[in-house]
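A.B. asks: mmCIF, C-alpha atoms and all ligand atoms, saved as model37.cif, coming up:
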```
data_upload
#
loop_
_atom_site.label_atom_id
_atom_site.label_comp_id
_atom_site.auth_asym_id
_atom_site.auth_seq_id
_atom_site.Cartn_x
_atom_site.Cartn_y
_atom_site.Cartn_z
CA MET A 1 -13.35 -21.93 -26.96
CA CYS A 2 -13.00 -21.62 -30.69
CA ASP A 3 -13.98 -24.79 -32.58
CA LYS A 4 -12.73 -23.47 -35.91
CA ASN A 5 -9.93 -25.56 -37.42
CA HIS A 6 -7.66 -22.72 -38.38
CA ASN A 7 -4.01 -21.72 -38.36
CA THR A 8 -3.56 -19.60 -35.23
CA ILE A 9 -0.61 -17.75 -36.68
CA THR A 10 -2.08 -16.51 -39.95
CA ASP A 11 -5.76 -16.67 -39.07
CA PRO A 12 -6.14 -15.85 -35.37
CA CYS A 13 -9.39 -15.31 -33.49
CA GLU A 14 -10.02 -13.68 -30.14
CA HIS A 15 -9.49 -17.02 -28.36
CA HIS A 16 -6.02 -17.57 -29.69
CA LEU A 17 -2.79 -15.69 -29.19
CA THR A 18 -1.21 -14.31 -32.34
CA ALA A 19 2.45 -14.86 -33.21
CA SER A 20 3.01 -11.12 -32.97
CA ASN A 21 1.08 -7.92 -32.59
CA GLN A 22 2.47 -6.36 -35.73
CA TYR A 23 0.48 -3.81 -37.69
CA THR A 24 -1.76 -5.43 -40.28
CA TYR A 25 -2.06 -4.18 -43.85
CA GLY A 26 -5.44 -2.75 -42.79
CA ASP A 27 -3.91 -0.82 -39.86
CA ILE A 28 -1.40 0.83 -42.15
CA GLU A 29 -4.06 1.48 -44.79
CA GLU A 30 -6.08 3.29 -42.11
CA LEU A 31 -3.06 5.39 -41.24
CA ALA A 32 -2.46 6.19 -44.90
CA ASN A 33 -6.11 7.24 -45.28
CA TYR A 34 -5.83 9.44 -42.16
CA LEU A 35 -2.93 11.30 -43.78
CA LYS A 36 -4.52 11.38 -47.27
CA GLU A 37 -7.57 13.09 -45.78
CA ARG A 38 -5.31 15.83 -44.43
CA VAL A 39 -2.73 16.37 -47.18
CA SER A 40 -3.17 16.23 -50.94
CA ILE A 41 0.49 15.59 -51.85
CA GLN A 42 1.14 12.07 -53.18
CA PRO A 43 4.82 11.49 -52.42
CA GLN A 44 7.13 9.66 -54.84
CA ILE A 45 10.24 9.89 -52.73
CA GLY A 46 10.59 9.10 -49.04
CA ILE A 47 13.41 10.45 -46.90
CA ILE A 48 14.44 9.19 -43.46
CA CYS A 49 16.74 11.60 -41.65
CA GLY A 50 19.49 10.27 -39.39
CA THR A 51 20.70 11.62 -36.06
CA GLY A 52 21.35 15.34 -36.34
CA LEU A 53 20.55 15.31 -40.05
CA GLY A 54 16.97 16.58 -39.85
CA ALA A 55 17.95 19.78 -41.68
CA VAL A 56 17.37 17.87 -44.93
CA THR A 57 13.67 18.58 -44.29
CA GLU A 58 14.41 22.29 -44.87
CA LEU A 59 14.52 21.38 -48.57
CA LEU A 60 10.75 20.84 -48.59
CA ALA A 61 8.91 23.89 -49.90
CA ASP A 62 5.82 24.88 -47.93
CA PRO A 63 5.61 21.60 -45.98
CA THR A 64 2.59 20.11 -44.24
CA ILE A 65 3.91 18.90 -40.89
CA PHE A 66 2.57 16.27 -38.48
CA ASP A 67 4.06 15.61 -35.05
CA TYR A 68 4.37 11.84 -34.56
CA LYS A 69 2.52 12.16 -31.26
CA ASP A 70 -0.55 13.51 -33.08
CA ILE A 71 -0.78 10.66 -35.61
CA PRO A 72 -2.90 7.72 -34.41
CA LYS A 73 -0.96 4.50 -33.66
CA PHE A 74 2.37 6.19 -34.50
CA PRO A 75 5.39 5.63 -32.24
CA VAL A 76 7.22 8.70 -30.88
CA SER A 77 10.92 9.60 -31.20
CA THR A 78 12.89 9.45 -27.94
CA VAL A 79 16.46 10.10 -29.16
CA PRO A 80 18.01 13.62 -29.09
CA GLY A 81 18.58 14.74 -32.70
CA HIS A 82 15.31 13.12 -33.90
CA ALA A 83 12.58 15.77 -33.89
CA GLY A 84 9.68 13.36 -34.36
CA ARG A 85 7.89 14.98 -37.29
CA LEU A 86 6.47 13.72 -40.56
CA LEU A 87 6.62 16.25 -43.39
CA PHE A 88 4.98 16.37 -46.83
CA GLY A 89 6.18 18.84 -49.44
CA HIS A 90 8.00 19.30 -52.74
CA ILE A 91 11.69 19.42 -53.46
CA ASP A 92 12.12 21.21 -56.78
CA GLY A 93 8.74 19.95 -57.90
CA THR A 94 9.14 16.33 -56.76
CA PRO A 95 6.56 15.28 -54.13
CA VAL A 96 8.31 14.03 -51.03
CA ILE A 97 7.50 12.64 -47.58
CA SER A 98 10.19 12.96 -44.94
CA MET A 99 10.65 11.52 -41.47
CA GLN A 100 12.53 13.96 -39.27
CA GLY A 101 13.44 11.31 -36.74
CA ARG A 102 13.39 7.53 -36.93
CA PHE A 103 12.72 4.71 -34.49
CA HIS A 104 15.50 2.50 -33.18
CA PHE A 105 15.43 -1.01 -31.74
CA PHE A 106 17.30 0.19 -28.62
CA GLU A 107 14.45 2.58 -27.80
CA GLY A 108 12.46 -0.54 -26.97
CA TYR A 109 10.35 -0.66 -30.13
CA PRO A 110 10.12 -4.02 -31.91
CA LEU A 111 11.57 -3.85 -35.42
CA TRP A 112 8.15 -4.18 -37.09
CA MET A 113 7.19 -0.99 -35.26
CA CYS A 114 10.45 0.82 -36.08
CA THR A 115 9.82 0.17 -39.77
CA MET A 116 6.06 0.66 -40.02
CA PRO A 117 6.54 4.16 -41.57
CA VAL A 118 8.27 2.54 -44.56
CA ARG A 119 5.12 0.52 -45.30
CA LEU A 120 3.07 3.64 -44.74
CA MET A 121 5.21 5.42 -47.33
CA LYS A 122 4.58 2.53 -49.75
CA LEU A 123 0.80 2.93 -49.38
CA LEU A 124 1.15 6.69 -49.91
CA GLY A 125 2.89 6.12 -53.26
CA VAL A 126 6.62 6.18 -52.49
CA THR A 127 8.80 4.30 -54.99
CA THR A 128 12.26 5.46 -53.86
CA LEU A 129 13.59 5.80 -50.32
CA ILE A 130 16.59 7.93 -49.35
CA LEU A 131 17.98 7.15 -45.91
CA SER A 132 20.69 8.81 -43.86
CA ASN A 133 22.38 8.01 -40.59
CA ALA A 134 25.21 9.03 -38.31
CA ALA A 135 27.83 6.30 -38.09
CA GLY A 136 31.22 5.53 -36.63
CA GLY A 137 34.05 5.06 -39.12
CA ILE A 138 35.80 1.69 -39.04
CA ASN A 139 37.71 1.94 -42.32
CA PRO A 140 41.02 3.59 -41.31
CA SER A 141 41.12 5.63 -44.53
CA PHE A 142 37.92 7.46 -43.50
CA ASN A 143 37.83 10.80 -41.67
CA VAL A 144 35.29 12.45 -39.41
CA GLY A 145 32.89 14.39 -41.65
CA ASP A 146 33.16 11.99 -44.59
CA ILE A 147 29.96 10.93 -46.29
CA MET A 148 29.83 7.19 -47.01
CA LEU A 149 27.47 6.09 -49.77
CA ILE A 150 26.21 2.70 -48.62
CA LYS A 151 26.72 -0.14 -51.09
CA ASP A 152 25.85 -3.03 -48.73
CA HIS A 153 25.21 -3.88 -45.11
CA ILE A 154 26.04 -6.44 -42.41
CA ASN A 155 22.98 -7.03 -40.27
CA PHE A 156 24.30 -8.05 -36.85
CA VAL A 157 20.82 -7.49 -35.40
CA GLY A 158 19.54 -9.96 -37.98
CA PHE A 159 22.30 -12.45 -37.08
CA ALA A 160 20.81 -12.44 -33.58
CA GLY A 161 17.40 -13.37 -35.01
CA HIS A 162 15.73 -9.97 -35.10
CA ASN A 163 14.22 -9.01 -38.41
CA PRO A 164 11.42 -6.52 -39.16
CA LEU A 165 9.75 -9.19 -41.32
CA ARG A 166 9.67 -11.78 -38.51
CA GLY A 167 6.13 -12.96 -37.78
CA PRO A 168 3.18 -13.59 -40.10
CA ASN A 169 3.98 -12.34 -43.61
CA GLU A 170 1.81 -9.55 -44.99
CA ASP A 171 1.49 -10.90 -48.55
CA LYS A 172 0.00 -7.63 -49.76
CA PHE A 173 3.34 -5.96 -49.08
CA GLY A 174 5.59 -8.71 -50.43
CA ALA A 175 6.62 -12.35 -50.46
CA ARG A 176 7.70 -14.30 -47.37
CA PHE A 177 11.37 -14.40 -48.38
CA VAL A 178 13.12 -11.36 -49.75
CA ALA A 179 16.46 -11.09 -51.56
CA VAL A 180 18.71 -8.34 -50.21
CA ASN A 181 21.93 -8.97 -52.13
CA ASP A 182 20.93 -5.97 -54.25
CA ALA A 183 19.29 -3.97 -51.44
CA TYR A 184 21.01 -0.70 -52.33
CA SER A 185 20.08 0.28 -55.87
CA ARG A 186 23.17 0.20 -58.09
CA GLU A 187 21.56 2.79 -60.32
CA LEU A 188 20.95 5.20 -57.43
CA LEU A 189 24.47 4.65 -56.11
CA ARG A 190 25.89 5.45 -59.56
CA GLU A 191 23.76 8.59 -59.78
CA ALA A 192 24.78 9.70 -56.27
CA LYS A 193 28.46 9.24 -57.10
CA ALA A 194 28.03 11.26 -60.28
CA VAL A 195 26.23 14.00 -58.36
CA ALA A 196 28.95 14.16 -55.66
CA GLN A 197 31.62 14.27 -58.34
CA GLY A 198 29.75 16.95 -60.28
CA LEU A 199 29.51 19.07 -57.14
CA GLY A 200 33.23 18.55 -56.46
CA MET A 201 32.32 17.28 -52.99
CA LYS A 202 35.31 16.16 -50.94
CA GLY A 203 35.34 13.20 -48.53
CA VAL A 204 32.68 11.14 -50.28
CA GLN A 205 33.35 7.42 -49.76
CA GLU A 206 31.57 4.20 -50.59
CA GLY A 207 31.27 1.29 -48.19
CA VAL A 208 29.56 -1.35 -46.10
CA TYR A 209 27.40 -0.33 -43.12
CA ALA A 210 27.21 -2.66 -40.10
CA CYS A 211 24.12 -2.46 -37.91
CA ILE A 212 24.20 -3.31 -34.21
CA GLY A 213 21.31 -3.09 -31.75
CA GLY A 214 22.79 -0.49 -29.39
CA PRO A 215 22.45 1.63 -27.33
CA SER A 216 25.94 0.66 -26.12
CA PHE A 217 28.64 1.51 -28.62
CA GLU A 218 31.17 -1.16 -29.67
CA THR A 219 34.04 -2.72 -27.78
CA VAL A 220 37.50 -2.67 -29.35
CA ALA A 221 37.27 -6.43 -29.96
CA GLU A 222 33.86 -6.05 -31.67
CA LEU A 223 35.23 -3.29 -33.90
CA LYS A 224 38.26 -5.38 -34.87
CA LEU A 225 35.88 -8.22 -35.77
CA MET A 226 33.67 -5.91 -37.86
CA HIS A 227 36.74 -4.56 -39.66
CA GLN A 228 37.87 -8.08 -40.52
CA LEU A 229 34.39 -8.89 -41.79
CA GLY A 230 34.48 -5.98 -44.21
CA ALA A 231 32.45 -3.30 -42.41
CA ASP A 232 33.49 0.29 -43.17
CA ALA A 233 31.14 2.02 -40.72
CA VAL A 234 28.81 1.07 -37.88
CA GLY A 235 25.52 2.39 -36.57
CA MET A 236 22.22 1.30 -35.02
CA SER A 237 19.66 1.89 -37.75
CA THR A 238 18.83 1.93 -41.48
CA VAL A 239 19.21 -1.80 -42.20
CA HIS A 240 15.74 -2.79 -40.93
CA GLU A 241 14.17 0.09 -42.87
CA VAL A 242 15.95 -1.03 -46.04
CA ILE A 243 14.82 -4.66 -45.54
CA THR A 244 11.22 -3.51 -45.11
CA ALA A 245 11.46 -1.26 -48.16
CA ARG A 246 12.89 -4.00 -50.35
CA HIS A 247 10.16 -6.39 -49.19
CA CYS A 248 7.54 -4.06 -50.64
CA GLY A 249 9.54 -3.16 -53.75
CA ILE A 250 10.82 0.32 -52.84
CA LYS A 251 14.24 1.25 -54.29
CA CYS A 252 16.79 2.34 -51.69
CA PHE A 253 19.69 4.74 -51.52
CA ALA A 254 21.43 5.31 -48.18
CA LEU A 255 24.32 7.32 -46.83
CA SER A 256 26.23 7.53 -43.55
CA LEU A 257 27.75 10.67 -42.16
CA ILE A 258 30.94 9.56 -40.39
CA THR A 259 30.49 11.48 -37.15
CA ASN A 260 33.36 9.82 -35.26
CA MET A 261 36.15 7.39 -35.89
CA CYS A 262 35.68 4.19 -33.92
CA VAL A 263 38.20 3.62 -31.16
CA MET A 264 40.09 0.47 -32.11
CA ASP A 265 43.08 0.91 -29.84
CA TYR A 266 43.13 -0.31 -26.22
CA GLU A 267 45.53 2.51 -25.29
CA SER A 268 43.25 5.30 -26.53
CA ASP A 269 41.35 7.51 -24.07
CA GLU A 270 38.86 8.62 -26.73
CA LYS A 271 35.21 7.59 -26.56
CA PRO A 272 32.24 7.94 -28.90
CA ASP A 273 29.81 10.53 -27.56
CA HIS A 274 26.27 11.31 -28.75
CA LEU A 275 26.71 15.09 -28.26
CA GLU A 276 29.82 15.08 -30.43
CA ILE A 277 27.93 13.01 -33.00
CA LEU A 278 25.23 15.70 -33.04
CA THR A 279 27.87 18.43 -33.44
CA VAL A 280 29.45 16.78 -36.48
CA GLY A 281 25.96 16.29 -37.90
CA LYS A 282 25.34 20.02 -37.55
CA GLU A 283 28.67 20.85 -39.24
CA ARG A 284 28.01 18.63 -42.24
CA GLU A 285 24.22 18.79 -42.53
CA ASN A 286 24.42 21.36 -45.29
CA ASP A 287 26.52 19.07 -47.50
CA VAL A 288 24.14 16.17 -46.86
CA LYS A 289 21.29 18.52 -47.78
CA ILE A 290 22.97 19.60 -51.04
CA LEU A 291 23.73 16.01 -51.97
CA VAL A 292 20.16 14.83 -51.31
CA LYS A 293 18.66 17.78 -53.21
CA ASN A 294 20.84 17.14 -56.25
CA ILE A 295 20.16 13.40 -56.22
CA ILE A 296 16.42 14.16 -56.26
CA LEU A 297 16.91 16.67 -59.09
CA ARG A 298 18.81 14.08 -61.08
CA LEU A 299 16.20 11.39 -60.41
CA ALA A 300 13.49 13.75 -61.65
CA LYS A 301 15.44 14.20 -64.91
CA ILE A 302 16.04 10.50 -65.57
CA ASN A 303 12.57 9.23 -64.55
O1 LIG B 401 21.38 5.83 -37.13
P1 LIG B 401 20.95 7.15 -36.63
O2 LIG B 401 19.48 7.26 -36.42
O3 LIG B 401 21.51 8.29 -37.45
O4 LIG B 401 21.59 7.30 -35.16
C1 LIG B 401 22.95 7.03 -34.85
O5 LIG B 401 23.32 7.89 -33.81
C2 LIG B 401 23.03 7.29 -32.53
C3 LIG B 401 24.28 7.27 -31.70
O6 LIG B 401 24.73 8.55 -31.42
C4 LIG B 401 22.59 5.88 -32.83
O7 LIG B 401 21.20 5.83 -32.79
C5 LIG B 401 23.10 5.66 -34.22
O8 LIG B 401 22.38 4.66 -34.94
N1 LIG B 402 27.08 1.93 -33.18
C1 LIG B 402 27.51 3.15 -33.44
N2 LIG B 402 26.64 4.07 -33.85
C2 LIG B 402 27.12 5.30 -34.11
N3 LIG B 402 26.47 6.39 -34.54
C3 LIG B 402 27.38 7.37 -34.67
N4 LIG B 402 28.59 6.94 -34.33
C4 LIG B 402 28.44 5.64 -33.97
C5 LIG B 402 29.37 4.63 -33.53
O1 LIG B 402 30.56 4.84 -33.37
N5 LIG B 402 28.84 3.41 -33.30
#
```
How would this structure read if it were set down as structure tokens?
Ligand SMILES: O=P(O)(O)O[C@H]1O[C@H](CO)[C@@H](O)[C@H]1O
Ligand SMILES: Nc1nc2[nH]cnc2c(=O)[nH]1
C.D. replies:
Amino acid sequence: MCDKNHNTITDPCEHHLTASNQYTYGDIEELANYLKERVSIQPQIGIICGTGLGAVTELLADPTIFDYKDIPKFPVSTVPGHAGRLLFGHIDGTPVISMQGRFHFFEGYPLWMCTMPVRLMKLLGVTTLILSNAAGGINPSFNVGDIMLIKDHINFVGFAGHNPLRGPNEDKFGARFVAVNDAYSRELLREAKAVAQGLGMKGVQEGVYACIGGPSFETVAELKLMHQLGADAVGMSTVHEVITARHCGIKCFALSLITNMCVMDYESDEKPDHLEILTVGKERENDVKILVKNIILRLAKIN
């Protein structure tokens, strides 16, 4: 057995169990080097596409594309509407990396695995992350097809003790404890609102996104609770990516496409349905695309 007097959590050896199997800084550095050897673009902006919103990747001119399954140590997407591709390219001259498909907790991946690509983006040079998701509308003034610019979140998954930063802290990415009261950049939110207004885009809202673990949707009682707590929309993603991004100092802007209104009435026969969610995504993907493109154009002008 090991006779070294060390901390088994932060300084494990082969004789001791580690507190978690999370990727080390070195693992992610290796992954970054693997990609750097194959693509010369150094991305400034990262994009994570939500369910059915992968068309945003069409904005990338002449992209270099990797299938997740071909990248060493990379998880694979298992949810319909998430293609499972990593793209490098330029959007109007700005170097961008985009995930066409994300990883969700309900797929069985631990949160540190779901969010590893955010740390990878950091090591590739990303300073701003743009995230999208499909979400159910809780705020009764919302309509299907609205785009909600996220100003804050409620992390129900976190309330249950699951956090992507749980386990030994990787100091090279950030400090043990991270503030998230300002997780969504006020500056980026202001810019996005100005862009939407400038484009005369209808149905653009602002609100609080609640994250649950899924894959079951919400009960009526859960939705009533979320409404009382101040949630405007609910989904099963984004929050852990934002927490990981803030930990390593990446600025975040996120939006939800309201693909369905949550059923908050016991008498209703309606139900949320993933295929319908994909259909609404398809109908509105062009507007999401235009919004993201113009936000990136504006960022390029002000930076
Ligand atoms: O959050 P994204 O990845 O857009 O996916 C949303 O759509 C799926 C439900 O249809 C859930 O995974 C929910 O989180
Ligand atoms: N949890 C949850 N996720 C969604 N994604 C799209 N719509 C919904 C919804 O109604 N609830």
A.B. asks: Using all atoms listed in the file, which of the listed residues (A:Ala210, A:Leu225, A:Cys114, A:Val288) sits closest to ligand LIG 402 (chain B)?
C.D. replies: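 Answer, going by the shortest atom-to-atom distance: A:Ala210.
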A.B. asks: Go through A:Asn260, A:Gln44, A:Asn294, A:Thr78 one by one, measure the shortest atom-to-atom distance of each to ligand LIG 402 (chain B) using only C-alpha atoms and all ligand atoms, and give the residue with the smallest value.
C.D. replies: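 For ligand LIG 402 (chain B), the nearest of the given residues is A:Asn260.
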A.B. asks: Can you pull out every residue with an atom within 10 Å of ligand LIG 401 (chain B)? Use all atoms listed in the file and format it as a PyMOL selection string.
C.D. replies: chain A and resi 48-54+79-82+101-107+131-136+211-217+234-239+255-260+272-278+281
A.B. asks: Restricting the output to C-alpha atoms, write the selected residues as a JSON list (two decimals), keeping the file's coordinate frame.
C.D. replies:
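Result file follows (again-v7.json):
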```json
[["chain", "number", "residue", "atom", "x", "y", "z"],
["A", 48, "ILE", "CA", 14.44, 9.19, -43.46],
["A", 49, "CYS", "CA", 16.74, 11.60, -41.65],
["A", 50, "GLY", "CA", 19.49, 10.27, -39.39],
["A", 51, "THR", "CA", 20.70, 11.62, -36.06],
["A", 52, "GLY", "CA", 21.35, 15.34, -36.34],
["A", 53, "LEU", "CA", 20.55, 15.31, -40.05],
["A", 54, "GLY", "CA", 16.97, 16.58, -39.85],
["A", 79, "VAL", "CA", 16.46, 10.10, -29.16],
["A", 80, "PRO", "CA", 18.01, 13.62, -29.09],
["A", 81, "GLY", "CA", 18.58, 14.74, -32.70],
["A", 82, "HIS", "CA", 15.31, 13.12, -33.90],
["A", 101, "GLY", "CA", 13.44, 11.31, -36.74],
["A", 102, "ARG", "CA", 13.39, 7.53, -36.93],
["A", 103, "PHE", "CA", 12.72, 4.71, -34.49],
["A", 104, "HIS", "CA", 15.50, 2.50, -33.18],
["A", 105, "PHE", "CA", 15.43, -1.01, -31.74],
["A", 106, "PHE", "CA", 17.30, 0.19, -28.62],
["A", 107, "GLU", "CA", 14.45, 2.58, -27.80],
["A", 131, "LEU", "CA", 17.98, 7.15, -45.91],
["A", 132, "SER", "CA", 20.69, 8.81, -43.86],
["A", 133, "ASN", "CA", 22.38, 8.01, -40.59],
["A", 134, "ALA", "CA", 25.21, 9.03, -38.31],
["A", 135, "ALA", "CA", 27.83, 6.30, -38.09],
["A", 136, "GLY", "CA", 31.22, 5.53, -36.63],
["A", 211, "CYS", "CA", 24.12, -2.46, -37.91],
["A", 212, "ILE", "CA", 24.20, -3.31, -34.21],
["A", 213, "GLY", "CA", 21.31, -3.09, -31.75],
["A", 214, "GLY", "CA", 22.79, -0.49, -29.39],
["A", 215, "PRO", "CA", 22.45, 1.63, -27.33],
["A", 216, "SER", "CA", 25.94, 0.66, -26.12],
["A", 217, "PHE", "CA", 28.64, 1.51, -28.62],
["A", 234, "VAL", "CA", 28.81, 1.07, -37.88],
["A", 235, "GLY", "CA", 25.52, 2.39, -36.57],
["A", 236, "MET", "CA", 22.22, 1.30, -35.02],
["A", 237, "SER", "CA", 19.66, 1.89, -37.75],
["A", 238, "THR", "CA", 18.83, 1.93, -41.48],
["A", 239, "VAL", "CA", 19.21, -1.80, -42.20],
["A", 255, "LEU", "CA", 24.32, 7.32, -46.83],
["A", 256, "SER", "CA", 26.23, 7.53, -43.55],
["A", 257, "LEU", "CA", 27.75, 10.67, -42.16],
["A", 258, "ILE", "CA", 30.94, 9.56, -40.39],
["A", 259, "THR", "CA", 30.49, 11.48, -37.15],
["A", 260, "ASN", "CA", 33.36, 9.82, -35.26],
["A", 272, "PRO", "CA", 32.24, 7.94, -28.90],
["A", 273, "ASP", "CA", 29.81, 10.53, -27.56],
["A", 274, "HIS", "CA", 26.27, 11.31, -28.75],
["A", 275, "LEU", "CA", 26.71, 15.09, -28.26],
["A", 276, "GLU", "CA", 29.82, 15.08, -30.43],
["A", 277, "ILE", "CA", 27.93, 13.01, -33.00],
["A", 278, "LEU", "CA", 25.23, 15.70, -33.04],
["A", 281, "GLY", "CA", 25.96, 16.29, -37.90]]
```
A.B. asks: Between CA of Ala192 in chain A and CA of Gln42 in chain A, what is the distance, to one decimal in Å?
C.D. replies: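 Atom-to-atom, CA of Ala192 in chain A to CA of Gln42 in chain A, that is 24.0 Å.
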A.B. asks: Find, counting only C-alpha atoms and all ligand atoms, the residue in A:Gly158, A:Pro164, A:Gly137, A:Gly84 that gets nearest to ligand LIG 402 (chain B).
C.D. replies: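 Of the candidates, the smallest distance to ligand LIG 402 (chain B) is held by A:Gly137.
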A.B. asks: Counting all atoms listed in the file, which residue out of A:Phe253, A:Tyr266, A:Phe156, A:Tyr109 sits closest to ligand LIG 402 (chain B)?
C.D. replies: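 Closest residue, counting all atoms listed in the file: A:Phe156.
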A.B. asks: Which residues come within 7 Å of Ile138 in chain A, counting all atoms listed in the file, excluding same-chain residues fewer than 5 positions away, as a ChimeraX atom specification?
C.D. replies: /A:227,231-233,261-262
A.B. asks: I'd like the contact shell of range 22-25 of chain A - 7 Å cut-off, only C-alpha atoms, skipping same-chain residues fewer than 3 positions apart - returned as JSON, numbers by chain.
C.D. replies: {"A": [28, 29, 112, 170]}
A.B. asks: Write the residues of the selection above to a file with C-alpha atoms, as a short mmCIF file (atom, residue, chain, number, x, y, z; two decimals), in the frame of the given file.
C.D. replies:
```
data_model
loop_
_atom_site.label_atom_id
_atom_site.label_comp_id
_atom_site.auth_asym_id
_atom_site.auth_seq_id
_atom_site.Cartn_x
_atom_site.Cartn_y
_atom_site.Cartn_z
CA ILE A 28 -1.40 0.83 -42.15
CA GLU A 29 -4.06 1.48 -44.79
CA TRP A 112 8.15 -4.18 -37.09
CA GLU A 170 1.81 -9.55 -44.99
#
```
A.B. asks: Considering all atoms listed in the file, state which residue in the set A:Ser77, A:Gln205, A:Asn303, A:Thr279 is at the smallest distance from ligand LIG 402 (chain B).
C.D. replies: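 Ranked by minimum distance to ligand LIG 402 (chain B), first place goes to A:Thr279.
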A.B. asks: Taking only C-alpha atoms into account, which of A:Asp146, A:Leu223, A:Ala83, A:Asn139 comes nearest Asp287 in chain A?
C.D. replies: A:Asp146
A.B. asks: Would you mind listing what lies within 10 Å of range 245-250 of chain A as a PyMOL selection string, with all atoms listed in the file counted and same-chain residues fewer than 5 positions away left out?
C.D. replies: chain A and resi 45-46+115-119+121-123+125-129+165+170-180+182-185+239-240
A.B. asks: In Å, how far is it from CA of Lys73 in chain A to CA of Met113 in chain A?
C.D. replies: 10.0 Å
A.B. asks: To one decimal place, how far is CA of Thr64 in chain A from CA of Leu87 in chain A in Å?
C.D. replies: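 Interatomic distance here is 5.6 Å.
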A.B. asks: Residues within 9 Å of Val56 in chain A, please, as an MDAnalysis selection string. Count all atoms listed in the file; anything in the same chain fewer than 4 positions from it doesn't count.
C.D. replies: chainID A and resid 47 49 60 98 100 285:286 288:290 292:293
